[in-house]
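Student: Input structure: final.txt, which contains compact mmCIF, C-alpha atoms and all ligand atoms.
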# COMPACT_ATOMS: atom_id res chain seq x y z
CA VAL A 1 -27.40 -23.65 15.51
CA LYS A 2 -25.27 -23.77 18.64
CA SER A 3 -26.87 -22.34 21.79
CA VAL A 4 -24.36 -20.84 24.17
CA ARG A 5 -25.84 -20.06 27.58
CA VAL A 6 -24.75 -17.11 29.69
CA GLU A 7 -25.61 -18.54 33.10
CA LEU A 8 -26.47 -15.51 35.18
CA ALA A 9 -28.74 -15.90 38.18
CA GLY A 10 -32.07 -14.31 37.27
CA ALA A 11 -30.74 -12.96 33.97
CA ALA A 12 -29.53 -16.00 32.02
CA TYR A 13 -29.71 -15.78 28.25
CA THR A 14 -28.81 -17.60 25.09
CA VAL A 15 -26.30 -16.68 22.41
CA ALA A 16 -27.31 -18.53 19.25
CA VAL A 17 -24.43 -18.99 16.80
CA GLY A 18 -24.97 -20.42 13.34
CA ARG A 19 -25.59 -19.78 9.66
CA GLY A 20 -28.70 -18.48 7.94
CA LEU A 21 -30.22 -17.13 11.15
CA ILE A 22 -31.06 -13.55 10.20
CA ASP A 23 -34.28 -14.40 8.40
CA ARG A 24 -35.45 -16.31 11.49
CA ALA A 25 -34.24 -13.69 13.97
CA GLY A 26 -37.76 -12.74 15.11
CA ALA A 27 -38.70 -16.32 15.86
CA LEU A 28 -35.38 -16.89 17.63
CA LEU A 29 -35.85 -13.83 19.82
CA HIS A 30 -39.51 -14.15 20.51
CA ALA A 31 -39.52 -16.39 23.57
CA ASP A 32 -36.87 -14.31 25.34
CA LEU A 33 -37.86 -10.85 24.20
CA PRO A 34 -41.55 -10.39 24.85
CA ALA A 35 -42.49 -7.00 23.45
CA GLY A 36 -45.18 -5.40 21.37
CA ARG A 37 -42.89 -3.01 19.60
CA VAL A 38 -39.17 -3.06 19.00
CA LEU A 39 -36.90 -0.25 17.92
CA LEU A 40 -34.33 -1.72 15.53
CA VAL A 41 -31.07 0.25 15.65
CA SER A 42 -28.27 -0.06 13.11
CA ASP A 43 -25.51 1.92 11.43
CA VAL A 44 -25.81 3.13 7.83
CA GLN A 45 -23.43 0.60 6.37
CA VAL A 46 -25.02 -2.40 8.06
CA ALA A 47 -28.52 -1.03 7.50
CA GLY A 48 -27.94 -0.88 3.73
CA LEU A 49 -27.08 -4.58 3.78
CA TYR A 50 -29.33 -6.20 6.37
CA PHE A 51 -31.94 -3.82 7.78
CA GLU A 52 -34.81 -4.96 5.58
CA ARG A 53 -34.19 -8.64 6.26
CA ALA A 54 -33.91 -8.12 10.01
CA ALA A 55 -37.02 -5.94 10.12
CA ALA A 56 -39.00 -8.44 8.02
CA ALA A 57 -37.93 -11.28 10.32
CA LEU A 58 -39.02 -9.32 13.38
CA ARG A 59 -42.38 -8.43 11.79
CA ALA A 60 -42.93 -12.06 10.81
CA ALA A 61 -42.68 -12.95 14.51
CA GLY A 62 -45.37 -10.40 15.37
CA TYR A 63 -43.32 -7.41 16.50
CA ALA A 64 -44.27 -3.91 15.37
CA VAL A 65 -40.95 -2.52 14.17
CA GLU A 66 -39.70 1.06 14.49
CA SER A 67 -36.28 1.80 13.09
CA THR A 68 -33.40 4.21 13.34
CA VAL A 69 -29.95 4.41 11.81
CA VAL A 70 -26.77 6.02 13.19
CA PRO A 71 -23.58 6.88 11.28
CA ALA A 72 -21.07 4.02 10.96
CA GLY A 73 -17.99 4.19 13.16
CA GLU A 74 -16.79 4.98 16.64
CA GLN A 75 -18.12 8.57 16.46
CA SER A 76 -21.59 7.16 17.07
CA LYS A 77 -20.60 6.20 20.63
CA SER A 78 -20.95 9.88 21.56
CA LEU A 79 -23.15 11.81 23.95
CA ALA A 80 -24.75 13.47 20.91
CA SER A 81 -25.69 10.13 19.24
CA TYR A 82 -26.85 8.79 22.59
CA GLY A 83 -29.07 11.85 23.09
CA ARG A 84 -30.53 11.54 19.59
CA LEU A 85 -31.23 7.84 20.15
CA LEU A 86 -33.04 8.56 23.44
CA GLU A 87 -35.13 11.20 21.71
CA THR A 88 -35.98 8.76 18.93
CA MET A 89 -37.13 6.30 21.60
CA ALA A 90 -39.26 9.00 23.23
CA ARG A 91 -40.78 10.15 19.91
CA ALA A 92 -41.67 6.52 19.17
CA ARG A 93 -43.31 6.50 22.64
CA LEU A 94 -41.52 3.33 23.65
CA ASP A 95 -42.56 2.18 27.07
CA ARG A 96 -41.34 -0.50 29.46
CA ALA A 97 -43.28 -3.17 27.55
CA ASP A 98 -41.30 -2.43 24.37
CA ALA A 99 -37.78 -3.45 23.46
CA VAL A 100 -34.70 -2.41 21.52
CA VAL A 101 -32.71 -4.54 19.09
CA ALA A 102 -29.15 -3.70 18.02
CA LEU A 103 -28.15 -4.80 14.51
CA GLY A 104 -24.46 -4.09 13.98
CA GLY A 105 -20.97 -4.24 15.36
CA GLY A 106 -19.74 -3.28 18.81
CA VAL A 107 -20.40 0.40 18.21
CA VAL A 108 -24.10 -0.18 17.62
CA SER A 109 -24.44 -2.69 20.47
CA ASP A 110 -22.56 -0.53 23.02
CA LEU A 111 -24.63 2.56 22.14
CA THR A 112 -27.96 0.75 21.84
CA GLY A 113 -27.41 -1.19 25.05
CA PHE A 114 -26.65 1.96 26.98
CA ALA A 115 -29.73 3.73 25.62
CA ALA A 116 -31.83 0.65 26.45
CA ALA A 117 -30.35 0.55 29.96
CA THR A 118 -31.15 4.17 30.73
CA TYR A 119 -34.33 5.06 28.86
CA ARG A 120 -37.18 4.87 31.37
CA ARG A 121 -34.72 3.18 33.76
CA GLY A 122 -34.26 0.26 31.47
CA LEU A 123 -35.89 -1.52 28.54
CA ALA A 124 -35.28 -5.08 27.45
CA TRP A 125 -32.87 -5.43 24.54
CA ALA A 126 -31.32 -7.99 22.24
CA VAL A 127 -28.34 -8.08 19.90
CA LEU A 128 -27.96 -9.20 16.28
CA PRO A 129 -24.18 -8.84 15.95
CA THR A 130 -22.75 -8.29 12.47
CA THR A 131 -18.98 -8.27 13.14
CA LEU A 132 -16.75 -11.03 14.52
CA VAL A 133 -15.85 -8.65 17.39
CA ALA A 134 -19.50 -8.27 18.32
CA MET A 135 -20.23 -12.01 18.01
CA VAL A 136 -17.41 -13.20 20.26
CA ASP A 137 -16.91 -10.19 22.51
CA ALA A 138 -18.93 -6.94 22.44
CA GLY A 139 -22.35 -8.54 22.04
CA ILE A 140 -21.90 -10.86 25.03
CA GLY A 141 -21.77 -9.76 28.64
CA GLY A 142 -23.91 -6.66 28.89
CA LYS A 143 -21.17 -4.05 29.12
CA THR A 144 -22.62 -0.96 27.46
CA ALA A 145 -20.85 2.33 26.92
CA ILE A 146 -20.35 5.57 25.08
CA ASN A 147 -17.21 7.70 24.85
CA LEU A 148 -16.42 11.20 26.09
CA PRO A 149 -13.87 13.53 24.48
CA GLN A 150 -11.73 12.69 27.55
CA GLY A 151 -11.65 8.98 26.87
CA LYS A 152 -13.27 5.82 25.51
CA ASN A 153 -16.09 4.01 27.31
CA LEU A 154 -16.13 6.51 30.18
CA VAL A 155 -19.93 6.38 30.50
CA GLY A 156 -21.84 3.16 30.65
CA CYS A 157 -23.32 0.42 32.74
CA PHE A 158 -24.00 -3.29 32.87
CA HIS A 159 -27.28 -4.21 31.19
CA GLN A 160 -27.54 -7.78 29.98
CA PRO A 161 -29.40 -8.43 26.73
CA ARG A 162 -32.25 -10.95 26.73
CA ALA A 163 -30.84 -12.79 23.72
CA VAL A 164 -28.06 -12.65 21.14
CA VAL A 165 -28.38 -14.12 17.64
CA CYS A 166 -25.13 -14.45 15.68
CA ASP A 167 -25.60 -15.22 12.00
CA LEU A 168 -22.13 -15.94 10.63
CA ASP A 169 -23.41 -15.49 7.08
CA LEU A 170 -23.62 -11.75 7.78
CA LEU A 171 -19.82 -11.77 8.00
CA ARG A 172 -19.55 -12.41 4.24
CA THR A 173 -19.71 -8.65 3.69
CA LEU A 174 -17.38 -7.74 6.54
CA PRO A 175 -14.64 -5.37 5.32
CA ALA A 176 -11.35 -7.31 5.02
CA GLU A 177 -9.56 -5.25 7.66
CA GLN A 178 -12.20 -6.20 10.25
CA TRP A 179 -11.20 -9.88 10.50
CA ILE A 180 -8.05 -9.13 12.45
CA GLU A 181 -10.16 -7.10 14.90
CA GLY A 182 -12.14 -10.16 15.90
CA LEU A 183 -9.27 -12.61 15.65
CA ALA A 184 -7.17 -10.55 18.07
CA GLU A 185 -9.89 -10.89 20.73
CA VAL A 186 -10.24 -14.61 19.98
CA ALA A 187 -6.47 -15.08 20.37
CA LYS A 188 -6.62 -13.14 23.64
CA ILE A 189 -9.31 -15.35 25.16
CA ALA A 190 -7.54 -18.49 23.89
CA ILE A 191 -4.33 -17.42 25.67
CA LEU A 192 -6.37 -16.77 28.81
CA LEU A 193 -8.39 -19.96 28.86
CA ASP A 194 -8.09 -22.47 26.06
CA PRO A 195 -4.96 -24.16 24.66
CA ASP A 196 -7.06 -26.13 22.14
CA LEU A 197 -8.57 -22.98 20.67
CA PHE A 198 -5.10 -21.45 20.47
CA ALA A 199 -3.83 -24.54 18.65
CA ARG A 200 -6.61 -24.20 16.06
CA LEU A 201 -5.69 -20.57 15.46
CA GLU A 202 -1.96 -21.18 15.10
CA ALA A 203 -2.51 -24.19 12.81
CA GLU A 204 -4.15 -22.09 10.09
CA PRO A 205 -3.74 -18.38 10.78
CA GLU A 206 -4.35 -17.47 7.14
CA ARG A 207 -7.81 -19.10 7.05
CA GLY A 208 -8.94 -16.82 9.86
CA LEU A 209 -7.65 -13.69 8.20
CA ALA A 210 -9.25 -14.69 4.90
CA GLY A 211 -12.64 -14.90 6.61
CA ASP A 212 -13.11 -18.60 5.84
CA LEU A 213 -16.46 -19.22 7.52
CA ASP A 214 -16.24 -23.03 7.58
CA TYR A 215 -13.05 -22.64 9.57
CA LEU A 216 -14.31 -19.76 11.71
CA GLU A 217 -17.68 -21.17 12.75
CA PRO A 218 -16.45 -23.58 15.45
CA ILE A 219 -13.88 -20.99 16.51
CA ALA A 220 -16.57 -18.33 16.97
CA VAL A 221 -18.73 -20.79 18.93
CA ARG A 222 -15.84 -21.67 21.24
CA ALA A 223 -14.82 -18.04 21.75
CA ALA A 224 -18.43 -17.11 22.55
CA GLU A 225 -18.61 -19.99 25.06
CA LEU A 226 -15.45 -18.81 26.78
CA LYS A 227 -16.63 -15.20 26.98
CA ALA A 228 -20.04 -16.35 28.25
CA ALA A 229 -18.38 -18.44 30.96
CA VAL A 230 -16.22 -15.55 32.16
CA VAL A 231 -19.24 -13.25 32.27
CA ALA A 232 -21.26 -15.83 34.20
CA ARG A 233 -18.48 -16.26 36.77
CA ASP A 234 -17.90 -12.52 37.15
CA PRO A 235 -20.71 -10.41 35.66
CA GLN A 236 -19.65 -7.08 37.19
CA GLU A 237 -15.91 -7.41 36.64
CA ALA A 238 -15.06 -7.78 40.32
CA GLY A 239 -12.32 -10.29 39.58
CA GLU A 240 -11.72 -12.76 36.76
CA ARG A 241 -13.36 -10.65 34.04
CA ALA A 242 -10.49 -8.18 34.39
CA LEU A 243 -8.27 -10.83 32.79
CA LEU A 244 -9.98 -9.95 29.50
CA ASN A 245 -7.70 -6.90 29.56
CA LEU A 246 -4.76 -9.11 28.57
CA GLY A 247 -2.69 -7.10 26.10
CA HIS A 248 -5.06 -4.15 26.40
CA THR A 249 -3.02 -1.86 28.65
CA PHE A 250 -0.28 -1.91 26.02
CA ALA A 251 -2.89 -1.68 23.24
CA HIS A 252 -4.58 1.40 24.68
CA GLY A 253 -1.18 3.02 25.01
CA LEU A 254 -0.37 2.32 21.36
CA GLU A 255 -3.78 3.61 20.30
CA ALA A 256 -2.95 6.97 21.91
CA ALA A 257 -0.32 7.65 19.18
CA ARG A 258 0.01 11.27 18.08
CA GLY A 259 0.32 10.28 14.43
CA PRO A 260 -1.65 7.56 12.61
CA ARG A 261 -3.21 5.22 15.17
CA PRO A 262 -3.17 1.45 14.88
CA ALA A 263 -6.59 -0.19 14.67
CA HIS A 264 -7.65 -1.75 17.97
CA GLY A 265 -7.11 -5.34 16.84
CA ILE A 266 -3.62 -4.56 15.61
CA ALA A 267 -2.83 -2.79 18.87
CA VAL A 268 -4.14 -5.81 20.81
CA LEU A 269 -1.92 -8.22 18.87
CA LEU A 270 1.07 -5.97 19.56
CA GLY A 271 -0.07 -5.84 23.18
CA LEU A 272 -0.20 -9.65 23.35
CA ILE A 273 3.39 -9.79 22.07
CA ALA A 274 4.45 -7.21 24.67
CA ALA A 275 2.63 -9.15 27.41
CA ALA A 276 4.38 -12.38 26.36
CA ARG A 277 7.78 -10.65 26.41
CA LEU A 278 7.00 -9.11 29.79
CA ALA A 279 5.99 -12.52 31.12
CA ARG A 280 9.32 -13.93 29.90
CA ALA A 281 11.19 -11.17 31.69
CA LEU A 282 9.25 -11.98 34.87
CA GLU A 283 10.03 -15.67 34.38
CA ALA A 284 6.29 -16.33 34.42
CA LEU A 285 5.96 -17.97 30.97
CA SER A 286 7.91 -20.70 29.20
CA MET A 287 10.06 -19.76 26.22
CA ASP A 288 8.04 -22.10 24.05
CA ASP A 289 4.66 -20.56 24.94
CA ALA A 290 6.04 -17.04 24.49
CA ARG A 291 7.30 -18.02 21.03
CA ARG A 292 3.92 -19.46 20.07
CA ILE A 293 2.11 -16.27 21.11
CA GLU A 294 4.57 -14.17 19.10
CA ALA A 295 4.31 -16.49 16.12
CA LEU A 296 0.52 -16.32 15.93
CA ALA A 297 0.30 -12.56 16.44
CA GLY A 298 3.20 -12.11 14.03
CA ALA A 299 1.59 -14.30 11.35
CA TRP A 300 -1.44 -12.01 11.30
CA LEU A 301 0.46 -8.74 11.71
CA ARG A 302 2.78 -9.53 8.79
CA ARG A 303 -0.20 -9.52 6.46
CA VAL A 304 -1.52 -6.05 7.33
CA PRO A 305 0.00 -2.60 7.01
CA LEU A 306 1.43 -1.42 10.34
CA PRO A 307 1.61 2.27 11.18
CA PRO A 308 4.84 3.47 12.79
CA LEU A 309 4.50 2.95 16.56
CA ASP A 310 4.62 5.96 18.87
CA LEU A 311 6.22 4.15 21.82
CA GLU A 312 7.03 7.37 23.67
CA ARG A 313 3.39 8.46 23.66
CA ALA A 314 2.26 4.90 24.40
CA TRP A 315 4.31 4.84 27.58
CA GLU A 316 3.01 8.26 28.62
CA ALA A 317 -0.57 7.05 28.14
CA MET A 318 0.08 3.82 30.05
CA GLY A 319 1.64 5.67 32.97
CA SER A 320 -0.99 8.40 33.18
CA ASP A 321 -3.83 5.86 33.40
CA LYS A 322 -3.39 5.80 37.21
CA LYS A 323 -1.97 2.38 36.50
CA THR A 324 1.36 3.06 38.13
CA VAL A 325 1.62 3.09 41.93
CA ALA A 326 5.11 3.59 43.39
CA GLY A 327 6.79 2.26 40.26
CA ARG A 328 4.49 -0.80 40.14
CA MET A 329 1.74 -1.52 37.62
CA ARG A 330 -1.35 -3.72 37.42
CA LEU A 331 -1.09 -5.91 34.33
CA VAL A 332 -2.43 -9.23 33.12
CA VAL A 333 0.49 -11.61 32.75
CA PRO A 334 0.20 -14.89 30.79
CA ARG A 335 1.50 -17.93 32.72
CA ALA A 336 0.98 -20.48 29.96
CA ILE A 337 -1.19 -20.78 26.87
CA GLY A 338 -4.55 -21.18 28.58
CA ARG A 339 -3.74 -19.43 31.86
CA ALA A 340 -3.00 -15.88 33.03
CA GLU A 341 -3.02 -13.84 36.21
CA LEU A 342 -3.62 -10.23 37.16
CA ARG A 343 -0.55 -8.86 38.93
CA SER A 344 -0.27 -5.52 40.66
CA ASP A 345 3.45 -5.79 41.38
CA VAL A 346 4.88 -5.48 37.87
CA ALA A 347 7.88 -3.13 37.91
CA ALA A 348 7.14 -0.20 35.63
CA ASP A 349 10.64 -0.58 34.17
CA ALA A 350 9.86 -4.13 33.07
CA ALA A 351 6.60 -3.04 31.42
CA ARG A 352 8.42 -0.21 29.68
CA ALA A 353 11.09 -2.58 28.40
CA ALA A 354 8.41 -4.92 27.01
CA LEU A 355 6.70 -1.98 25.28
CA ASP A 356 9.95 -0.64 23.85
CA SER A 357 10.83 -4.11 22.57
CA LEU A 358 7.99 -3.70 20.04
CA ALA A 359 10.36 -1.51 18.04
CA GLU A 360 11.67 -4.92 16.92
CA LEU A 361 9.00 -7.34 15.85
N1 LIG B 401 -19.16 -4.09 25.34
C1 LIG B 401 -18.09 -4.84 25.24
O1 LIG B 401 -17.86 -5.76 26.04
C2 LIG B 401 -17.13 -4.58 24.11
C3 LIG B 401 -16.14 -5.53 23.80
C4 LIG B 401 -15.31 -5.29 22.71
C5 LIG B 401 -15.48 -4.13 21.95
N2 LIG B 401 -16.44 -3.23 22.30
C6 LIG B 401 -16.64 -2.01 21.51
O2 LIG B 401 -16.98 -2.39 20.19
C7 LIG B 401 -16.58 -1.36 19.30
C8 LIG B 401 -15.93 -1.99 18.09
O3 LIG B 401 -16.86 -2.86 17.49
P1 LIG B 401 -16.61 -3.47 16.05
O4 LIG B 401 -15.21 -3.90 15.93
O5 LIG B 401 -17.70 -4.44 15.81
O6 LIG B 401 -16.71 -2.19 15.10
P2 LIG B 401 -17.93 -1.39 14.41
O7 LIG B 401 -19.19 -1.61 15.12
O8 LIG B 401 -17.47 0.00 14.23
O9 LIG B 401 -18.00 -2.08 12.97
C9 LIG B 401 -16.89 -1.97 12.11
C10 LIG B 401 -17.28 -1.47 10.72
O10 LIG B 401 -17.83 -2.55 9.97
C11 LIG B 401 -19.10 -2.22 9.46
N3 LIG B 401 -19.86 -3.46 9.48
C12 LIG B 401 -20.31 -4.09 10.58
N4 LIG B 401 -20.84 -5.26 10.24
C13 LIG B 401 -20.74 -5.38 8.90
C14 LIG B 401 -21.10 -6.39 7.98
N5 LIG B 401 -21.62 -7.56 8.38
N6 LIG B 401 -20.87 -6.16 6.67
C15 LIG B 401 -20.28 -5.01 6.26
N7 LIG B 401 -19.90 -4.03 7.09
C16 LIG B 401 -20.12 -4.23 8.41
C17 LIG B 401 -19.63 -1.14 10.35
O11 LIG B 401 -20.54 -0.32 9.66
C18 LIG B 401 -18.35 -0.38 10.71
O12 LIG B 401 -18.04 0.53 9.70
C19 LIG B 401 -15.68 -0.42 20.07
O13 LIG B 401 -16.37 0.76 20.33
C20 LIG B 401 -15.40 -1.17 21.37
O14 LIG B 401 -15.23 -0.30 22.46
C21 LIG B 401 -17.26 -3.45 23.34
ZN ZN B 402 -10.30 -5.27 22.75
Could you rewrite the structure in this file as structure tokens?
Tutor:
Amino acid sequence: VKSVRVELAGAAYTVAVGRGLIDRAGALLHADLPAGRVLLVSDVQVAGLYFERAAAALRAAGYAVESTVVPAGEQSKSLASYGRLLETMARARLDRADAVVALGGGVVSDLTGFAAATYRRGLAWAVLPTTLVAMVDAGIGGKTAINLPQGKNLVGCFHQPRAVVCDLDLLRTLPAEQWIEGLAEVAKIAILLDPDLFARLEAEPERGLAGDLDYLEPIAVRAAELKAAVVARDPQEAGERALLNLGHTFAHGLEAARGPRPAHGIAVLLGLIAAARLARALEALSMDDARRIEALAGAWLRRVPLPPLDLERAWEAMGSDKKTVAGRMRLVVPRAIGRAELRSDVAADAARAALDSLAEL
């Protein structure tokens, strides 16, 4: 087991990453999550696979376990699901001495964390992530959120978990199309902070996509360390944490397509390519580094079906995000593999050209 610390003053916690951890989850949480009762929250798909084992592990550590299950998928990050979850907590008479545990991907952790943050002005919570996205990104850092019909993640708050336990063995059942979702975020953080991690990804892109756990374990540990370090340096996203939006302004635009929408990870990889091309146009990035970013994203994208891109709508969505001021945009621009900067002076025309260039991959 690797213990990754999120060093936050007064709210530090550990992200344990390893294999075979789920059956010891109660023991692993116990020191950091003192509670009589815990409400274990999952989605139906994950619950069918792992609920019993997680609940048994929690009971074995002395917790009284209540449980609830939400539908799988983004629709569970809704006001309605949030309301039902709060009512479940109230019916179970959870009080401030109790806790909540999320077992699932980013949907379950975002929803559960927000309910934990707001019920009775805040209960302790912990995360048992079951997707690569949740292990390296969503489960770490305490950003919680639900969606409104008007947009994603519009309601939420920061509420750090007390502990995170990542059992990579749970990823054996991950649907094949989910690997690229996590890998896209790993590639993003590698471009931001870690040339060595990037080199490992580009050396064997197919092993990542195939979900080879021997290959992915050290990669997940490193990605979790990097995310934890960013969170510790900037817990409330006052500065550096905003760099985690690399590729995401383009991605969110692409995800606004009128027709079939690309999955988030696919949109992020396309966004990383657009960001690299933009950086070239701004003379901020070497040709060689831009090529390497394109090559890695391209190696993964070639192996998945791509929907037609709605570049017109993407540009509309990017412009309407209050992101354009007097023809200038705020965008994260890579400077090298391992370094990027947030710029607020990017000419909208240059961003548009980078987006439109995605018509040719
Ligand atoms: N809070 C943050 O900092 C942060 C960061 C990144 C993403 N997010 C959020 O995370 C969400 C996406 O999370 P996600 O990619 O984990 O998706 P997800 O939670 O929807 O999970 C993807 C699918 O895989 C299934 N699944 C999960 N684990 C499984 C397993 N081990 N075996 C079999 N099936 C499994 C789920 O039931 C679901 O159908 C988005 O809502 C996004 O906004 C939040
Ligand atoms: Zn993302």
Student: Using all atoms listed in the file, which residues have at least one atom no more than 8 Å from ligand ZN 402 (chain B)? Output them as a ChimeraX atom specification.
Tutor: /A:184-185,245,248,264-265,268
Student: Measuring atom to atom with all atoms listed in the file, identify which of A:Glu316, A:Glu283, A:Glu177, A:Glu225 is nearest to ligand LIG 401 (chain B).
Tutor: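 Using all atoms listed in the file, ligand LIG 401 (chain B) sits closest to A:Glu177.
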Student: Set the cut-off to 7 Å, count only C-alpha atoms and all ligand atoms, and list whatever residues fall near ligand LIG 401 (chain B) as a PDB file with C-alpha atoms, keeping the file's coordinate frame.
Tutor:
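Final file, pocket26.pdb:
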ATOM      1  CA  ASP A  43     -25.510   1.920  11.430  1.00  0.00           C
ATOM      2  CA  VAL A  44     -25.810   3.130   7.830  1.00  0.00           C
ATOM      3  CA  GLN A  45     -23.430   0.600   6.370  1.00  0.00           C
ATOM      4  CA  VAL A  46     -25.020  -2.400   8.060  1.00  0.00           C
ATOM      5  CA  ALA A  72     -21.070   4.020  10.960  1.00  0.00           C
ATOM      6  CA  GLY A  73     -17.990   4.190  13.160  1.00  0.00           C
ATOM      7  CA  GLU A  74     -16.790   4.980  16.640  1.00  0.00           C
ATOM      8  CA  LYS A  77     -20.600   6.200  20.630  1.00  0.00           C
ATOM      9  CA  GLY A 104     -24.460  -4.090  13.980  1.00  0.00           C
ATOM     10  CA  GLY A 105     -20.970  -4.240  15.360  1.00  0.00           C
ATOM     11  CA  GLY A 106     -19.740  -3.280  18.810  1.00  0.00           C
ATOM     12  CA  VAL A 107     -20.400   0.400  18.210  1.00  0.00           C
ATOM     13  CA  VAL A 108     -24.100  -0.180  17.620  1.00  0.00           C
ATOM     14  CA  ASP A 110     -22.560  -0.530  23.020  1.00  0.00           C
ATOM     15  CA  THR A 130     -22.750  -8.290  12.470  1.00  0.00           C
ATOM     16  CA  THR A 131     -18.980  -8.270  13.140  1.00  0.00           C
ATOM     17  CA  LEU A 132     -16.750 -11.030  14.520  1.00  0.00           C
ATOM     18  CA  VAL A 133     -15.850  -8.650  17.390  1.00  0.00           C
ATOM     19  CA  ALA A 134     -19.500  -8.270  18.320  1.00  0.00           C
ATOM     20  CA  ASP A 137     -16.910 -10.190  22.510  1.00  0.00           C
ATOM     21  CA  ALA A 138     -18.930  -6.940  22.440  1.00  0.00           C
ATOM     22  CA  GLY A 139     -22.350  -8.540  22.040  1.00  0.00           C
ATOM     23  CA  ILE A 140     -21.900 -10.860  25.030  1.00  0.00           C
ATOM     24  CA  GLY A 141     -21.770  -9.760  28.640  1.00  0.00           C
ATOM     25  CA  GLY A 142     -23.910  -6.660  28.890  1.00  0.00           C
ATOM     26  CA  LYS A 143     -21.170  -4.050  29.120  1.00  0.00           C
ATOM     27  CA  THR A 144     -22.620  -0.960  27.460  1.00  0.00           C
ATOM     28  CA  ALA A 145     -20.850   2.330  26.920  1.00  0.00           C
ATOM     29  CA  ASN A 153     -16.090   4.010  27.310  1.00  0.00           C
ATOM     30  CA  LEU A 170     -23.620 -11.750   7.780  1.00  0.00           C
ATOM     31  CA  LEU A 171     -19.820 -11.770   8.000  1.00  0.00           C
ATOM     32  CA  ARG A 172     -19.550 -12.410   4.240  1.00  0.00           C
ATOM     33  CA  THR A 173     -19.710  -8.650   3.690  1.00  0.00           C
ATOM     34  CA  LEU A 174     -17.380  -7.740   6.540  1.00  0.00           C
ATOM     35  CA  PRO A 175     -14.640  -5.370   5.320  1.00  0.00           C
ATOM     36  CA  GLN A 178     -12.200  -6.200  10.250  1.00  0.00           C
ATOM     37  CA  GLU A 181     -10.160  -7.100  14.900  1.00  0.00           C
ATOM     38  CA  GLY A 182     -12.140 -10.160  15.900  1.00  0.00           C
TER      39      GLY A 182
END
Student: Can you work out the spacing between atom CA of A:Ala359 and atom CA of A:Ser286 in Å, to one decimal?
Tutor: 22.3 Å
Student: In Å, how far is it from atom CA of A:Ser42 to atom CA of A:Val186?
Tutor: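 Atom CA of A:Val186 lies 24.2 Å from atom CA of A:Ser42.
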Student: Kindly give the distance, in Å, that separates atom CA of A:Leu39 and atom CA of A:Cys166, rounded to a single decimal.
Tutor: 18.6 Å
Student: Using all atoms listed in the file, which of the listed residues (A:Ala340, A:Leu33, A:Met135, A:Ala354) sits closest to A:Arg280?
Tutor: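 Nearest to A:Arg280: A:Ala354.
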Student: Write out as a list of chain:residue names the residues lying within 8 Å of A:Asp95, counting all atoms listed in the file and excluding same-chain residues fewer than 2 positions away.
Tutor: A:Arg93, A:Ala97, A:Asp98, A:Arg120, A:Leu123
Student: Please work out which residues fall within 7 Å of (-36.8, 0.6, 15.5), coordinates as given in the file, with all atoms listed in the file counting, and return them as an mmCIF file with C-alpha atoms, keeping the file's coordinate frame.
Tutor:
data_model
loop_
_atom_site.group_PDB
_atom_site.id
_atom_site.type_symbol
_atom_site.label_atom_id
_atom_site.label_comp_id
_atom_site.auth_asym_id
_atom_site.auth_seq_id
_atom_site.Cartn_x
_atom_site.Cartn_y
_atom_site.Cartn_z
ATOM 1 C CA VAL A 38 -39.170 -3.060 19.000
ATOM 2 C CA LEU A 39 -36.900 -0.250 17.920
ATOM 3 C CA LEU A 40 -34.330 -1.720 15.530
ATOM 4 C CA VAL A 41 -31.070 0.250 15.650
ATOM 5 C CA VAL A 65 -40.950 -2.520 14.170
ATOM 6 C CA GLU A 66 -39.700 1.060 14.490
ATOM 7 C CA SER A 67 -36.280 1.800 13.090
ATOM 8 C CA THR A 68 -33.400 4.210 13.340
#
Student: Which of these, A:Thr14, A:Gln150, A:Ser81, A:Gln75, has the shortest distance to A:Ala126 once you count only C-alpha atoms?
Tutor: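 Of the candidates, the smallest distance to A:Ala126 is held by A:Thr14.
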Student: Quick one: of A:Pro129, A:Gly18, A:Gly239, A:Pro195, who's nearest to A:Gly338, counting only C-alpha atoms?
Tutor: A:Pro195
Student: In terms of the shortest atom-to-atom distance over all atoms listed in the file, which of A:Pro161, A:Gly211, A:Gly20, A:Gly253 is closest to A:Leu183?
Tutor: A:Gly211
Student: Tell me which protein, DNA and RNA residues are within 8 Å of stretch 294-297 of chain A, counting all atoms listed in the file, leaving out same-chain ones fewer than 2 positions away, and put them as a ChimeraX atom specification.
Tutor: /A:184,201-202,205,269-270,272-273,276,290-292,299-301
Student: Mind dumping the selected residues with C-alpha atoms as a PDB file, in the frame of the given file?
Tutor:
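Result went into again04.pdb, see below:
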ATOM      1  CA  ALA A 184      -7.170 -10.550  18.070  1.00  0.00           C
ATOM      2  CA  LEU A 201      -5.690 -20.570  15.460  1.00  0.00           C
ATOM      3  CA  GLU A 202      -1.960 -21.180  15.100  1.00  0.00           C
ATOM      4  CA  PRO A 205      -3.740 -18.380  10.780  1.00  0.00           C
ATOM      5  CA  LEU A 269      -1.920  -8.220  18.870  1.00  0.00           C
ATOM      6  CA  LEU A 270       1.070  -5.970  19.560  1.00  0.00           C
ATOM      7  CA  LEU A 272      -0.200  -9.650  23.350  1.00  0.00           C
ATOM      8  CA  ILE A 273       3.390  -9.790  22.070  1.00  0.00           C
ATOM      9  CA  ALA A 276       4.380 -12.380  26.360  1.00  0.00           C
ATOM     10  CA  ALA A 290       6.040 -17.040  24.490  1.00  0.00           C
ATOM     11  CA  ARG A 291       7.300 -18.020  21.030  1.00  0.00           C
ATOM     12  CA  ARG A 292       3.920 -19.460  20.070  1.00  0.00           C
ATOM     13  CA  ALA A 299       1.590 -14.300  11.350  1.00  0.00           C
ATOM     14  CA  TRP A 300      -1.440 -12.010  11.300  1.00  0.00           C
ATOM     15  CA  LEU A 301       0.460  -8.740  11.710  1.00  0.00           C
TER      16      LEU A 301
END
